[in-house]
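Asks: Data file input-v9.cif (mmCIF, C-alpha atoms) is appended below.
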```
data_start
loop_
_atom_site.label_atom_id
_atom_site.label_comp_id
_atom_site.auth_asym_id
_atom_site.auth_seq_id
_atom_site.Cartn_x
_atom_site.Cartn_y
_atom_site.Cartn_z
CA MET A 1 77.10 124.80 96.44
CA PRO A 2 75.73 122.03 94.21
CA VAL A 3 77.89 121.12 91.23
CA ILE A 4 76.11 119.00 88.64
CA GLN A 5 78.22 117.13 86.10
CA ILE A 6 76.47 115.57 83.13
CA THR A 7 78.19 113.08 80.85
CA MET A 8 76.22 112.44 77.70
CA SER A 9 76.52 111.44 74.05
CA ARG A 10 77.81 114.11 71.73
CA GLY A 11 75.36 115.81 69.43
CA ARG A 12 72.80 117.80 71.35
CA SER A 13 71.96 121.30 70.13
CA VAL A 14 72.87 124.47 71.98
CA GLN A 15 69.16 125.01 72.56
CA GLN A 16 68.84 121.63 74.30
CA LYS A 17 71.86 122.40 76.51
CA ARG A 18 70.43 125.82 77.32
CA GLU A 19 67.15 124.28 78.46
CA LEU A 20 68.98 121.53 80.38
CA VAL A 21 71.02 124.09 82.33
CA GLU A 22 67.97 126.26 82.97
CA VAL A 23 65.62 123.52 84.10
CA LEU A 24 68.10 121.43 86.13
CA THR A 25 69.31 124.53 87.96
CA LYS A 26 65.78 125.65 88.80
CA GLU A 27 64.62 122.22 89.97
CA THR A 28 67.77 121.48 91.98
CA ALA A 29 67.60 124.82 93.77
CA ARG A 30 63.92 124.32 94.52
CA ILE A 31 64.27 120.77 95.89
CA MET A 32 67.44 121.46 97.86
CA LYS A 33 66.18 124.80 99.14
CA THR A 34 69.23 126.68 97.92
CA GLN A 35 69.69 129.64 95.57
CA GLU A 36 69.93 129.17 91.82
CA GLU A 37 73.05 131.36 91.90
CA LYS A 38 74.89 128.58 93.71
CA VAL A 39 74.23 125.86 91.15
CA ARG A 40 76.97 125.17 88.63
CA ILE A 41 76.57 122.70 85.74
CA LEU A 42 79.30 121.07 83.66
CA ILE A 43 78.58 119.03 80.53
CA TYR A 44 81.03 116.42 79.22
CA GLU A 45 80.22 115.16 75.74
CA VAL A 46 81.56 111.76 74.74
CA SER A 47 81.43 110.12 71.33
CA LYS A 48 79.89 106.68 70.87
CA GLU A 49 83.24 104.95 70.98
CA ASN A 50 83.86 106.36 74.46
CA TRP A 51 81.18 104.73 76.53
CA GLY A 52 79.91 101.27 77.16
CA ASN A 53 76.91 99.61 78.70
CA ALA A 54 76.70 96.01 79.86
CA GLY A 55 80.08 95.35 78.26
CA VAL A 56 79.12 96.65 74.80
CA LEU A 57 80.74 99.75 73.27
CA GLY A 58 78.35 102.54 72.20
CA THR A 59 79.34 102.21 68.53
CA ASP A 60 78.26 98.54 68.53
CA MET A 61 74.71 99.10 69.81
CA MET B 62 98.10 109.93 96.05
CA PRO B 63 96.28 113.20 95.36
CA VAL B 64 94.52 113.35 92.00
CA ILE B 65 93.51 116.87 90.97
CA GLN B 66 90.90 117.25 88.21
CA ILE B 67 90.41 120.70 86.75
CA THR B 68 87.43 121.51 84.55
CA MET B 69 87.84 124.84 82.79
CA SER B 70 86.87 126.80 79.69
CA ARG B 71 88.67 125.84 76.54
CA GLY B 72 91.35 128.15 75.25
CA ARG B 73 94.28 128.38 77.64
CA SER B 74 97.80 128.18 76.20
CA VAL B 75 100.17 125.27 76.74
CA GLN B 76 102.35 127.62 78.77
CA GLN B 77 99.45 128.40 81.14
CA LYS B 78 98.71 124.71 81.57
CA ARG B 79 102.39 123.98 82.19
CA GLU B 80 102.50 126.58 84.95
CA LEU B 81 99.20 125.38 86.39
CA VAL B 82 100.50 121.79 86.66
CA GLU B 83 103.81 122.93 88.10
CA VAL B 84 102.45 125.32 90.72
CA LEU B 85 99.42 123.27 91.82
CA THR B 86 101.57 120.17 92.22
CA LYS B 87 104.17 121.99 94.27
CA GLU B 88 101.66 123.73 96.54
CA THR B 89 99.51 120.64 97.04
CA ALA B 90 102.52 118.51 97.98
CA ARG B 91 103.77 121.17 100.37
CA ILE B 92 100.44 121.70 102.15
CA MET B 93 99.54 118.01 102.33
CA LYS B 94 103.08 116.98 103.29
CA THR B 95 103.35 114.46 100.50
CA GLN B 96 105.80 114.04 97.59
CA GLU B 97 105.33 115.89 94.32
CA GLU B 98 105.84 112.55 92.56
CA LYS B 99 102.50 111.39 93.91
CA VAL B 100 100.42 114.28 92.55
CA ARG B 101 98.59 113.72 89.30
CA ILE B 102 96.65 116.43 87.49
CA LEU B 103 93.98 116.01 84.80
CA ILE B 104 92.55 118.93 82.83
CA TYR B 105 89.13 118.75 81.15
CA GLU B 106 88.44 121.59 78.75
CA VAL B 107 84.81 122.45 78.02
CA SER B 108 83.48 124.90 75.46
CA LYS B 109 81.15 127.72 76.46
CA GLU B 110 78.06 125.81 75.45
CA ASN B 111 78.96 123.06 77.89
CA TRP B 112 78.72 124.77 81.24
CA GLY B 113 76.23 126.88 83.07
CA ASN B 114 76.12 129.09 86.10
CA ALA B 115 73.00 130.19 87.97
CA GLY B 116 70.88 128.64 85.22
CA VAL B 117 72.54 130.52 82.35
CA LEU B 118 74.57 128.76 79.65
CA GLY B 119 78.17 129.97 79.19
CA THR B 120 77.47 131.12 75.61
CA ASP B 121 74.73 133.46 76.86
CA MET B 122 76.87 135.32 79.41
CA MET C 123 84.43 128.99 85.81
CA PRO C 124 87.19 126.60 86.92
CA VAL C 125 86.03 123.71 89.09
CA ILE C 126 88.86 121.89 90.86
CA GLN C 127 88.16 118.43 92.26
CA ILE C 128 90.73 116.89 94.57
CA THR C 129 90.65 113.23 95.55
CA MET C 130 93.01 112.49 98.42
CA SER C 131 93.60 110.18 101.37
CA ARG C 132 91.41 110.79 104.37
CA GLY C 133 92.98 112.43 107.39
CA ARG C 134 94.09 115.97 106.63
CA SER C 135 93.26 118.68 109.17
CA VAL C 136 90.77 121.46 108.58
CA GLN C 137 93.68 123.87 108.61
CA GLN C 138 95.40 122.00 105.77
CA LYS C 139 92.18 122.00 103.73
CA ARG C 140 91.71 125.72 104.42
CA GLU C 141 95.20 126.48 103.13
CA LEU C 142 94.72 124.16 100.14
CA VAL C 143 91.51 125.96 99.11
CA GLU C 144 93.07 129.38 99.64
CA VAL C 145 96.33 128.75 97.80
CA LEU C 146 94.97 126.69 94.91
CA THR C 147 92.24 129.27 94.27
CA LYS C 148 94.69 132.15 94.28
CA GLU C 149 97.23 130.44 92.02
CA THR C 150 94.64 129.10 89.58
CA ALA C 151 93.00 132.52 89.21
CA ARG C 152 96.38 134.16 88.71
CA ILE C 153 97.64 131.72 86.08
CA MET C 154 94.34 131.50 84.20
CA LYS C 155 93.72 135.24 84.42
CA THR C 156 90.27 134.80 85.93
CA GLN C 157 88.69 136.03 89.17
CA GLU C 158 89.09 134.10 92.43
CA GLU C 159 85.31 134.39 92.86
CA LYS C 160 84.85 132.02 89.95
CA VAL C 161 86.98 129.19 91.34
CA ARG C 162 85.19 126.38 93.13
CA ILE C 163 86.99 123.51 94.88
CA LEU C 164 85.59 120.12 95.88
CA ILE C 165 87.52 117.65 98.07
CA TYR C 166 86.74 113.93 98.05
CA GLU C 167 88.41 112.00 100.85
CA VAL C 168 88.97 108.28 100.35
CA SER C 169 90.21 105.76 102.89
CA LYS C 170 93.26 103.58 102.17
CA GLU C 171 91.15 100.64 101.07
CA ASN C 172 89.58 102.80 98.35
CA TRP C 173 92.49 103.57 96.09
CA GLY C 174 95.20 101.65 94.34
CA ASN C 175 98.43 102.37 92.58
CA ALA C 176 100.23 100.04 90.18
CA GLY C 177 97.74 97.31 91.06
CA VAL C 178 98.30 97.49 94.82
CA LEU C 179 95.59 98.60 97.25
CA GLY C 180 96.45 101.53 99.53
CA THR C 181 96.10 99.40 102.67
CA ASP C 182 98.78 97.01 101.39
CA MET C 183 101.48 99.64 100.79
CA MET D 184 75.23 100.06 89.78
CA PRO D 185 78.98 100.44 89.23
CA VAL D 186 79.97 103.37 87.04
CA ILE D 187 83.57 103.22 85.85
CA GLN D 188 85.15 106.40 84.52
CA ILE D 189 88.48 106.14 82.72
CA THR D 190 90.60 109.17 81.93
CA MET D 191 93.40 108.34 79.51
CA SER D 192 95.63 109.77 76.81
CA ARG D 193 93.99 110.33 73.47
CA GLY D 194 94.84 107.95 70.68
CA ARG D 195 93.64 104.44 71.43
CA SER D 196 91.86 102.52 68.66
CA VAL D 197 88.18 101.63 68.71
CA GLN D 198 89.22 98.00 69.01
CA GLN D 199 91.21 98.73 72.19
CA LYS D 200 88.26 100.62 73.68
CA ARG D 201 85.91 97.78 72.76
CA GLU D 202 88.13 95.27 74.54
CA LEU D 203 88.55 97.59 77.53
CA VAL D 204 84.77 97.94 77.95
CA GLU D 205 84.22 94.21 77.49
CA VAL D 206 86.92 93.01 79.87
CA LEU D 207 86.51 95.62 82.61
CA THR D 208 82.75 95.05 82.67
CA LYS D 209 83.14 91.28 82.92
CA GLU D 210 85.81 91.39 85.62
CA THR D 211 84.05 94.08 87.69
CA ALA D 212 80.75 92.18 87.62
CA ARG D 213 82.50 88.93 88.59
CA ILE D 214 84.47 90.41 91.51
CA MET D 215 81.63 92.53 92.83
CA LYS D 216 79.06 89.77 92.33
CA THR D 217 76.73 91.95 90.31
CA GLN D 218 75.28 91.67 86.81
CA GLU D 219 77.19 92.88 83.76
CA GLU D 220 74.02 94.72 82.71
CA LYS D 221 74.54 97.11 85.62
CA VAL D 222 78.06 98.20 84.72
CA ARG D 223 78.45 101.44 82.80
CA ILE D 224 81.79 102.71 81.50
CA LEU D 225 82.69 106.26 80.44
CA ILE D 226 85.98 107.12 78.72
CA TYR D 227 87.42 110.64 78.81
CA GLU D 228 90.31 111.18 76.41
CA VAL D 229 92.74 113.98 77.18
CA SER D 230 95.57 115.25 74.99
CA LYS D 231 99.15 115.40 76.30
CA GLU D 232 98.89 119.05 77.19
CA ASN D 233 95.99 118.28 79.50
CA TRP D 234 97.56 116.12 82.16
CA GLY D 235 100.55 116.28 84.42
CA ASN D 236 102.52 113.97 86.63
CA ALA D 237 104.88 115.02 89.42
CA GLY D 238 104.53 118.62 88.26
CA VAL D 239 105.49 117.97 84.64
CA LEU D 240 103.04 118.47 81.76
CA GLY D 241 102.47 115.43 79.51
CA THR D 242 103.88 117.24 76.47
CA ASP D 243 107.18 117.79 78.27
CA MET D 244 107.84 114.14 79.17
CA MET E 245 98.59 107.74 82.77
CA PRO E 246 95.18 106.06 83.02
CA VAL E 247 93.13 107.08 86.03
CA ILE E 248 90.17 104.79 86.72
CA GLN E 249 87.40 106.05 88.99
CA ILE E 250 84.84 103.54 90.20
CA THR E 251 81.61 104.65 91.86
CA MET E 252 79.81 101.75 93.50
CA SER E 253 77.43 100.82 96.28
CA ARG E 254 78.93 100.77 99.74
CA GLY E 255 79.60 97.41 101.32
CA ARG E 256 82.25 95.48 99.42
CA SER E 257 85.01 93.75 101.42
CA VAL E 258 88.64 94.81 101.40
CA GLN E 259 89.43 91.55 99.65
CA GLN E 260 87.02 92.40 96.81
CA LYS E 261 88.54 95.86 96.44
CA ARG E 262 92.04 94.36 96.45
CA GLU E 263 91.12 92.00 93.63
CA LEU E 264 89.34 94.78 91.73
CA VAL E 265 92.43 97.01 91.86
CA GLU E 266 94.74 94.15 90.91
CA VAL E 267 92.71 92.80 88.01
CA LEU E 268 91.55 96.13 86.52
CA THR E 269 95.10 97.48 86.62
CA LYS E 270 96.54 94.41 84.92
CA GLU E 271 93.87 94.26 82.22
CA THR E 272 93.92 98.01 81.51
CA ALA E 273 97.72 98.05 81.18
CA ARG E 274 97.62 95.02 78.90
CA ILE E 275 94.91 96.34 76.57
CA MET E 276 96.25 99.90 76.43
CA LYS E 277 99.86 98.74 76.10
CA THR E 278 101.05 100.81 79.02
CA GLN E 279 102.81 99.93 82.28
CA GLU E 280 100.87 98.82 85.37
CA GLU E 281 102.87 101.39 87.35
CA LYS E 282 101.01 104.14 85.52
CA VAL E 283 97.51 102.98 86.39
CA ARG E 284 95.81 104.64 89.35
CA ILE E 285 92.42 103.55 90.69
CA LEU E 286 90.06 105.53 92.93
CA ILE E 287 86.94 104.01 94.50
CA TYR E 288 84.00 106.16 95.60
CA GLU E 289 81.46 104.31 97.73
CA VAL E 290 77.92 105.65 97.83
CA SER E 291 75.05 104.51 100.02
CA LYS E 292 71.73 103.40 98.52
CA GLU E 293 70.12 106.77 99.11
CA ASN E 294 72.79 108.42 96.98
CA TRP E 295 72.17 106.97 93.56
CA GLY E 296 69.27 106.53 91.25
CA ASN E 297 68.41 104.59 88.14
CA ALA E 298 65.56 105.35 85.76
CA GLY E 299 64.26 107.94 88.20
CA VAL E 300 64.11 105.60 91.18
CA LEU E 301 66.31 106.06 94.26
CA GLY E 302 68.50 103.08 95.26
CA THR E 303 66.71 102.67 98.58
CA ASP E 304 63.40 102.22 96.81
CA MET E 305 64.47 99.36 94.52
CA MET F 306 73.28 107.09 78.35
CA PRO F 307 73.33 110.27 80.43
CA VAL F 308 75.13 109.95 83.76
CA ILE F 309 74.44 112.84 86.13
CA GLN F 310 76.81 113.35 89.06
CA ILE F 311 75.77 115.76 91.78
CA THR F 312 78.20 116.97 94.44
CA MET F 313 76.43 118.75 97.27
CA SER F 314 76.64 119.59 100.95
CA ARG F 315 75.86 116.76 103.29
CA GLY F 316 72.54 116.83 105.11
CA ARG F 317 69.63 116.54 102.69
CA SER F 318 66.81 114.15 103.60
CA VAL F 319 66.09 110.93 101.76
CA GLN F 320 62.86 112.51 100.56
CA GLN F 321 64.77 115.41 98.97
CA LYS F 322 67.14 112.99 97.24
CA ARG F 323 64.20 110.91 96.03
CA GLU F 324 62.57 113.96 94.47
CA LEU F 325 65.89 115.13 93.01
CA VAL F 326 66.45 111.77 91.29
CA GLU F 327 62.85 111.64 90.06
CA VAL F 328 62.65 115.17 88.70
CA LEU F 329 66.14 115.42 87.20
CA THR F 330 65.71 112.08 85.45
CA LYS F 331 62.35 113.07 83.99
CA GLU F 332 63.50 116.51 82.83
CA THR F 333 66.80 115.28 81.40
CA ALA F 334 65.09 112.51 79.43
CA ARG F 335 62.47 114.94 78.12
CA ILE F 336 64.96 117.61 77.01
CA MET F 337 67.48 115.19 75.54
CA LYS F 338 64.78 113.05 73.93
CA THR F 339 66.03 109.85 75.48
CA GLN F 340 64.38 107.24 77.75
CA GLU F 341 64.25 107.69 81.51
CA GLU F 342 65.58 104.14 81.82
CA LYS F 343 68.92 105.34 80.46
CA VAL F 344 69.49 108.09 83.02
CA ARG F 345 71.70 107.27 85.99
CA ILE F 346 72.28 109.66 88.87
CA LEU F 347 75.09 109.59 91.44
CA ILE F 348 75.14 111.85 94.51
CA TYR F 349 78.38 112.69 96.32
CA GLU F 350 77.86 114.36 99.68
CA VAL F 351 80.70 116.46 101.05
CA SER F 352 80.95 118.06 104.48
CA LYS F 353 81.52 121.79 104.86
CA GLU F 354 85.25 121.36 105.37
CA ASN F 355 85.52 119.67 101.99
CA TRP F 356 84.58 122.41 99.59
CA GLY F 357 85.58 125.98 98.95
CA ASN F 358 84.30 128.93 97.03
CA ALA F 359 86.33 132.00 96.04
CA GLY F 360 89.19 130.73 98.19
CA VAL F 361 87.12 130.34 101.36
CA LEU F 362 86.47 126.95 102.98
CA GLY F 363 82.79 126.03 103.51
CA THR F 364 83.21 125.91 107.30
CA ASP F 365 84.38 129.55 107.31
CA MET F 366 81.38 130.98 105.47
#
```
Would you put the structure from the file into structure tokens?
Replies:
Amino acid sequence: MPVIQITMSRGRSVQQKRELVEVLTKETARIMKTQEEKVRILIYEVSKENWGNAGVLGTDM
Amino acid sequence: MPVIQITMSRGRSVQQKRELVEVLTKETARIMKTQEEKVRILIYEVSKENWGNAGVLGTDM
Amino acid sequence: MPVIQITMSRGRSVQQKRELVEVLTKETARIMKTQEEKVRILIYEVSKENWGNAGVLGTDM
Amino acid sequence: MPVIQITMSRGRSVQQKRELVEVLTKETARIMKTQEEKVRILIYEVSKENWGNAGVLGTDM
Amino acid sequence: MPVIQITMSRGRSVQQKRELVEVLTKETARIMKTQEEKVRILIYEVSKENWGNAGVLGTDM
Amino acid sequence: MPVIQITMSRGRSVQQKRELVEVLTKETARIMKTQEEKVRILIYEVSKENWGNAGVLGTDM
């Protein structure tokens, strides 16, 4: 049943996302002793003006 | 107070979204015995390269 | 692929949740022209001290 | 550790987002007695056809 | 329309949550030039074994 | 900046969560070419009556 939601900066390649989905699914299923078929992953890309850390906007870092 | 967040593939029409908001609000309020005024719905559209199932990226299915 | 996440006040019965999952899955699949098998629903229950509306905490309403 | 996720209508300026990140981080850290360095904020912008209130789509209000 | 979701460590008092909801609503409405009535806040409390930073579980810090 | 949110069935051990946080952080940082220090993970545990698949509640499977 695990649903994994990843929020990250915009700009990764399709190949990076493909590997991310493949590896995170495999490792999560292995550690949680569940089937890979049950793992779903959602990626939310945000631009630098849409996140902040320690009070500072991403575009200002 | 219910907040419903729907993550789905990009590409549905405005008419589909309108019906989705209308029907899901009505049914949720009815089942949970609350007022429709209290139901809020948020839709997050993701492209095929931003979700995966069973370790496979949406673009590769 | 749709993932539906519902945040609602704690305290609904299992029967209400069962109907919610059944009805919302059926209606979402119908409107979005996808299969019911692809719809996943997650429910997050929060107590009254964990949500606010218009600046007022749920316990104070 | 607080992670604050804001879903809002598309169209705010970078300056508004900058102030939002700055102020919400400062106030959250103060109230929760934690360090500003630990507060992370994520902003999800949705267009008017992607949210609904009381069963009505944002574009129809 | 803004929906603010806060994920934080379990253990804050009702009074802290009350102030958090009050202040974050007021500041968000002010900065985004919207009405306080439209701001909704949801708090998700997680225990120390349910979050990690830099690869380390909260209970191990 | 990546924030990873995992929603899963209640009942995993602390040791499983520790390994999940460790491995997912390491793999995500490696694939996305970012520092492990920037990866934050949040785990939301839901009981079987709080999720559904294909219209069926978890408790009925």
Asks: Neighbours of Arg323 of chain F within 12 Å (all atoms listed in the file; same-chain residues fewer than 3 positions away dropped), as a ChimeraX atom specification?
Replies: /A:28,31-32 /E:292-305 /F:317-320,326-330,346-348
Asks: So the first atom is atom CA of Thr129 of chain C and the second is atom CA of Met62 of chain B; what is the distance between them in Å, to one decimal place?
Replies: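 Going from atom CA of Thr129 of chain C over to atom CA of Met62 of chain B, I get 8.2 Å.
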Asks: What is the distance between atom CA of Arg223 of chain D and atom CA of Ile187 of chain D, in Å to one decimal?
Replies: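 Interatomic distance, atom CA of Arg223 of chain D to atom CA of Ile187 of chain D: 6.2 Å.
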Asks: Would you place a box with edges along x, y and z of the file around all atoms of segment 17-26 of chain A listed there, add 8 Å to each of its six sides, and report the centre and edge lengths in Å to one decimal, as lines of an AutoDock Vina configuration file?
Replies:
```
center_x = 68.7
center_y = 123.8
center_z = 82.7
size_x = 22.2
size_y = 20.8
size_z = 28.3
```
Asks: Measuring between only C-alpha atoms, which one of E:Val283, E:Ala273, E:Met252, E:Val247 shows the shortest distance to chain F?
Replies: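 So, comparing all the options, the nearest one is E:Met252.
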Asks: State, in Å with one decimal place, the distance from atom CA of Pro307 of chain F to atom CA of Tyr227 of chain D.
Replies: 14.2 Å
Asks: If we count all atoms listed in the file, what is near Ser314 of chain F at a cut-off of 6 Å, once residues fewer than 6 positions away on the same chain are taken out, given as a PDB file with C-alpha atoms, in the coordinates of the input?
Replies:
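The resulting file, result_10.pdb, is shown below:
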```
ATOM      1  CA  GLU F 350      77.860 114.360  99.680  1.00  0.00           C
ATOM      2  CA  VAL F 351      80.700 116.460 101.050  1.00  0.00           C
ATOM      3  CA  SER F 352      80.950 118.060 104.480  1.00  0.00           C
TER       4      SER F 352
END
```
Asks: When distances are computed from only C-alpha atoms, which of D:Arg193, D:Glu202, D:Lys209, D:Gln218 shows the smallest separation from chain E?
Replies: D:Glu202
Asks: Since the input has fewer atoms than a full residue there, write segment 214-240 of chain D out with N, CA and C atoms, as a CSV table (one decimal), keeping the file's coordinate frame.
Replies:
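Everything below was put into part10.csv:
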```csv
chain,number,residue,atom,x,y,z
D,214,ILE,N,83.9,90.2,90.2
D,214,ILE,CA,84.5,90.4,91.5
D,214,ILE,C,83.4,91.0,92.5
D,215,MET,N,82.6,91.9,92.0
D,215,MET,CA,81.6,92.5,92.8
D,215,MET,C,80.3,91.8,92.9
D,216,LYS,N,80.3,90.6,92.3
D,216,LYS,CA,79.1,89.8,92.3
D,216,LYS,C,77.8,90.6,91.9
D,217,THR,N,77.9,91.2,90.8
D,217,THR,CA,76.7,92.0,90.3
D,217,THR,C,76.6,91.5,88.8
D,218,GLN,N,75.5,92.0,88.2
D,218,GLN,CA,75.3,91.7,86.8
D,218,GLN,C,76.0,92.6,85.9
D,219,GLU,N,76.5,92.1,84.8
D,219,GLU,CA,77.2,92.9,83.8
D,219,GLU,C,76.3,94.0,83.2
D,220,GLU,N,75.0,93.7,83.2
D,220,GLU,CA,74.0,94.7,82.7
D,220,GLU,C,74.1,96.0,83.5
D,221,LYS,N,74.6,95.9,84.7
D,221,LYS,CA,74.5,97.1,85.6
D,221,LYS,C,75.8,98.0,85.5
D,222,VAL,N,76.8,97.5,84.8
D,222,VAL,CA,78.1,98.2,84.7
D,222,VAL,C,78.0,99.2,83.6
D,223,ARG,N,78.4,100.4,83.8
D,223,ARG,CA,78.4,101.4,82.8
D,223,ARG,C,79.9,102.0,82.8
D,224,ILE,N,80.4,102.2,81.6
D,224,ILE,CA,81.8,102.7,81.5
D,224,ILE,C,81.8,104.0,80.7
D,225,LEU,N,82.5,105.0,81.2
D,225,LEU,CA,82.7,106.3,80.4
D,225,LEU,C,84.2,106.5,80.2
D,226,ILE,N,84.6,106.9,79.0
D,226,ILE,CA,86.0,107.1,78.7
D,226,ILE,C,86.2,108.6,78.4
D,227,TYR,N,87.1,109.2,79.1
D,227,TYR,CA,87.4,110.6,78.8
D,227,TYR,C,88.8,110.7,78.2
D,228,GLU,N,89.0,111.1,77.0
D,228,GLU,CA,90.3,111.2,76.4
D,228,GLU,C,90.9,112.6,76.6
D,229,VAL,N,92.1,112.7,77.0
D,229,VAL,CA,92.7,114.0,77.2
D,229,VAL,C,94.0,114.0,76.4
D,230,SER,N,94.3,115.1,75.8
D,230,SER,CA,95.6,115.2,75.0
D,230,SER,C,96.7,115.5,76.0
D,231,LYS,N,98.0,115.4,75.4
D,231,LYS,CA,99.2,115.4,76.3
D,231,LYS,C,99.3,116.7,77.0
D,232,GLU,N,98.8,117.8,76.5
D,232,GLU,CA,98.9,119.0,77.2
D,232,GLU,C,97.8,119.2,78.3
D,233,ASN,N,97.0,118.2,78.5
D,233,ASN,CA,96.0,118.3,79.5
D,233,ASN,C,96.1,117.3,80.7
D,234,TRP,N,97.3,116.9,80.9
D,234,TRP,CA,97.6,116.1,82.2
D,234,TRP,C,99.0,116.3,82.6
D,235,GLY,N,99.2,116.1,83.9
D,235,GLY,CA,100.6,116.3,84.4
D,235,GLY,C,100.8,115.2,85.5
D,236,ASN,N,102.1,114.9,85.6
D,236,ASN,CA,102.5,114.0,86.6
D,236,ASN,C,103.7,114.5,87.3
D,237,ALA,N,103.7,114.5,88.7
D,237,ALA,CA,104.9,115.0,89.4
D,237,ALA,C,105.3,116.5,89.0
D,238,GLY,N,104.3,117.2,88.6
D,238,GLY,CA,104.5,118.6,88.3
D,238,GLY,C,104.9,118.9,86.8
D,239,VAL,N,105.0,117.8,86.0
D,239,VAL,CA,105.5,118.0,84.6
D,239,VAL,C,104.3,117.7,83.7
D,240,LEU,N,104.1,118.6,82.7
D,240,LEU,CA,103.0,118.5,81.8
D,240,LEU,C,103.3,117.3,80.8
```
